[in-house]
Each structure stands twice: as structure tokens, then as C-alpha cells.
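> Mind looking over this structure? Questions follow.
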Amino acid sequence: MIKRDWIYAWALLLPAFVFLITFTHLPAVQTLLNSFWTTPKGRRASVFTGLGNYEQMLSDPVFIKAMVNSAIYAAITIPTSIALALIMALLVHRSFRGVGLLRMSFFTPTVLPLIAVANIWLFFYAPGFGLIDQIRLFFGLPSANYAGQPDTALYSVAAVTIWKEAGFFMIFFLAALQTVPETLREAAAIEGCSRWTFFRRVTLPLIMPTTLFVSVNAVINAFRLVDHVFVMTKGGPDNASMLLLYYIYETGFRFWDTAYAAALTVVLIAIIGIVGIGQFFLADKRVHYK
Amino acid sequence: MIQDTPLDRFLIRSAGTLLGLLWIVPLAYAVWAAIHPPAFEARFDVTAPLTLENFISAWDQAPFARYFLNSILLVGVILSAQLILCTLAAFAFARLEFPGKSILFALILMQLLVMPDILLVENYRTMRSLGLVDTILAIGLPYFASGFAIFLLRQTFMTIPKELDEAARIEGCSLLGLLWRVYVPLGKPAMLAFGLVSVSHHWNNFLWPLIITNSVETRPLTVGLSIFATTDSGTSWAVINAATLMTSAPLLLGFFLFQRQFVQRFMRAGIK
């Protein structure tokens, strides 16, 4: 009887696992293995190089730049988009006239393709006639090419990410806010507790699991969302907006240096893995999966 | 309730309005540029004539009809495969006891972190050895077994009372019959929620399709749009914006029509 259940279970899991193993687990392992070999070139076969590719990274200025940029990009986009998402959720959580419109305005970027959004923003940033430049000219400031100059390119890319993500994260906070019991609010009112104290002492702790969940998503997205880089800057100018995943794409599919791309991918997986495992230990007690 | 003073209300309203406007400006700007002649793309004149010329010329300049078809096929294939594969797997995890359960489930959860989106080089190699480079199937294959879907459906299935199982079994229902007659109907809201997330994700997906496709017959809209928008053939911003809106139109339209449901579905998919 029990045995039959086992067979059923494995049979039900088999199709999903065939795809899962083929396109996620095997490639992940293969990537790690390939990172210890060189890229075959012409008739020169791939040879074992141990940590050679990783040593190459340390002396690769573009890699260093990409890492620094990714760190800055993460440091800007993660806290900003989460904070904005929470503010948005608090704004549209109450009901007033026009709240539907407001919620729609916040959420709309989420359903737009990042690649399409990039076109729109590029137009925003366009020197001379773009909206931002028109405002600058109106105030008598000189024209600026935000996406095209090294000192602002990364930030103009990050702005798009924040705009795109905040509305998405808002949804999760909105769901969490609905679980805060109304009785607590009443009790707090009787105690004469201020709005800010209530938020800090009651709401914030209660939505902590959501915040954590959103943070992990934000971290993963900070390394995963690079579509707009393709349209806006192509990692430039002079690698000013080079991000790790974009660099992997360039290395693997523009220069066809697959072994080095594998090593770069391992670094990316390691970063995401550390964050994920970190969350697991941090959240162990706080987040309950029902 | 903590009472709002009029000042509170005023501050909240104005902050909301300001932020809301800021958030909608890019889209409004794109709409402005798309429905006016190129001469007005950066001149905001209320009397500017309206036109659909930009949409027509975008449609004529690139095979958007084909891109649309490709994208529709793509999201259709991915979603059907995901629903079938992941429902079966989720059912096993939710209702059956078997050796290796926790290890296998951990393997599923790993995919939430290490997504196929990142394993570009290896997945390309796999597709090449399968002879599938530049096919719509190849764009979809890595996403068929979605860890997220399995997880979400498992959570849903676990909330279904076990008494229903027993009742169904007493009635002589087989295991698959039980899944089909009890679990699938009760899991529909979760499936719909996942469906929306999946469709919008894959409609918008770019990097992997860019790598694995190289012809008009397979390219989805996002890749088609990026090629159209970067050809420096002097395509005007107005036309690019029209193409951009066209690409986003199906999801935008669906979203505007079913706003409430849409947001709720997304929310449901997010609460784990």
C-alpha cells in the first residue's frame, strides 16, 4: 500500500524533475566544472587551468568595475525601492477618492516590459529635447546627457529599476498590511499612541516577514535585471554602467569566452546563494510558511 | 481608530498625488509622443494634432505581426507546460509520503535562487546539442518546471482538507481522479494567480530569448522591439514610442480592464 504511493509520487514528480535537472541543476554544476577549464579556441582544446579563470578576474579591470557597479546598483536600488514600496502601500492602504487611480499608477510599471520601459526612459534622458533636459534648460542649467556620461549612467539605469520595482513590491506590503488586525489599531488609539509609534512598534514588526521576503527578491533582482542596460547604455560609456550579468552576456556571447563566462556565472551564483542561505538562517524563526 | 487631522489628510493626499504623478509620467510621456506627429515629440502643445501615423509606420517597418504571434505562442506553450508539470509535482509534495521528499523539495526551492535566467552559457550549449537553437520551444524549455509554481501550488493544495481525499477514495476515485476532480478545481484561484505572473513575466522576458533566437520567425516582441529601436536608421522617437506601447499593449490593456483582479492575483501569488 505504502509502496504504491511511493511509485505514484515519483511518477508524478518525474516530468518536472527532468526539466528541472536538465535546465537548472545540471547546468549549474556544469558551469562550476567549466570554470576550471580554458575556452577551446579553434584547434586548441580546452585544458585544465584550476583557478586560472578566477585569477584572471582579479586582474580584469572590467570585472572589478562590474563588481563595484553591481554593489552600488544594489545599494541604491534595494533600500530605495523597498522604502518607496512601503510608503506607497501605506498611502493606498486607506480608502479615499482616487485611491484606485493611485494604485494603478504605482503598479503600471510592473506590467510593462523592462526593455520597452528603457526606450521611454531613454527618451526622458535624451540630451537637448528630453524631458529632464527641457526642465534643466528652463532653469537655465546646461544640457546634460544622463544615460551617456560616465558619472551618471549607472544612476540613470538604477532609477529605472527603482521605478519598475517599487510598485511590484508595494503589492506584497499591501497584502501584509491587510493582516494587521484592526483591534490593535483601536487599542493603540485608546492608549493615545501616535501614528509613528504605532507604525514603528506594531505595523513594522508585523510586516517583518514580508519585508524580508521582498528584500531577498530585491537582492536577486538587483543582479538579474539588466534588460534596460541593453537599450540604455550597453554597459558604457567606458564600462560606467557595466553590471555583472551584462558582463557575463558580453563575455559569453559577444567574445565567446565561455570558460571565463562560466567563472563569472559562478561568482554570480555564489552571491545569490549567500543571500538566499543568509535569509534562510535569518528568517528561520520569523517567517512561517503555512 | 487613530483619527486623521485635516492636516494629516492634506499631507497624505498631496504626497500620494505627487508620487502617483511621478510614477505615471514616463508612460504618459510615451503616449504623448506616440499619438502626435514627430514634430511635437518634445513640444507640449495642447492643440497638437492627433495621429495614428506613428503606429502604422512602426507596424510597417518591422514584422510586428510575426513578433506578436511568436510571443503569444511562447507564453501559451510555457504556461500550459508549467501548469501540467507543476500541478503533478505539487500534488505529490502536498499529499504523498515518499522517501527523498525533503531532498527533492529542497532541489525545487533551489531554483527560486538559481534561476535559468542566469545559466545562459550552459543552457545555450544544451540547446545547441539538442538542435533547438532559434526555436520558440528553446525559449520556453528552461522555464517549464517552475520552482515557484510548484511551491505555490503545494501551499495551496496543503490547505485542502484531507477529509475530501478520503471521501473521494471511498467513492472509488483513483489518485489521478482525485487530483483532477478535487485538487485542480480547488486550486484554480492559485493557478490563475500564477498564470498571470507567468504570462507577464514571459511576455516581458528579454535576455534569454535574445540569446537563443536569431530570426524573425522565432523572436518574441521584446527582442523584436529592441532590434527595431536600436537600428540607427533615423527612426523617430515618436515611432519608437508607438512600437513600445504596442509591445506593452496586451498586458496594459488586460491590466486596465481587470485592475482589481490583477492586483489581487499578484498579491495571492506573493503571499507564501
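Each chain of the C-alpha cells is named A, B, ... in the order shown, its residues numbered from 1; ligands are numbered from 1 in display order.
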Extract, using only C-alpha atoms, all DNA, RNA and protein residues at most 12 Å from Ile64 in chain A, discarding same-chain residues fewer than 3 positions from it, and format them as a list in words.

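Everything that qualifies: Tyr54, Gln56, Met57, Leu58, Ser59, Asp60, Pro61, Met67, Val68, Asn69, Ser70, Ala71, Asn239, Ala240, Met242, Leu243, Leu244, Tyr247 and Leu264 of chain A.
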
> Which parts of range 38-262 of chain B does DSSP call alpha helix (DSSP H) when run on the backbone here, written out as a VMD selection string?

chain B and resid 53 to 61 64 to 95 101 to 113 120 to 129 136 to 140 147 to 158 162 to 170 175 to 178 184 to 186 188 to 204 207 to 212 221 to 230 237 to 257 259 to 262

> Work out how far apart CA of Ile248 in chain A and CA of Val267 in chain A are and give it in Å to one decimal.

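Interatomic distance, CA of Ile248 in chain A to CA of Val267 in chain A: 10.3 Å.
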
> Do you know which residues are at most 9 Å from Pro109 in chain A counting only C-alpha atoms, after dropping those on the same chain fewer than 6 positions away, and could you put them as a compact mmCIF listing (two decimals) with C-alpha atoms, in the first residue's frame?


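Listed below is the output, selection.txt:
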```
# COMPACT_ATOMS: atom_id res chain seq x y z
CA VAL A 117 10.39 50.92 -20.44
CA TRP A 163 10.61 52.92 -10.80
CA LYS A 164 9.88 49.47 -12.15
CA GLU A 165 10.23 47.56 -8.90
CA ALA A 166 8.65 49.74 -6.23
CA GLY A 167 5.11 49.15 -7.47
CA PHE A 168 5.66 45.42 -7.58
CA TRP B 23 5.17 57.28 -11.43
CA ILE B 24 2.82 57.73 -14.35
CA LEU B 27 4.01 56.26 -19.58
```

> Any idea what the distance is between CA of Ile7 in chain A and CA of Arg169 in chain B?

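Separation between CA of Ile7 in chain A and CA of Arg169 in chain B: 17.9 Å.
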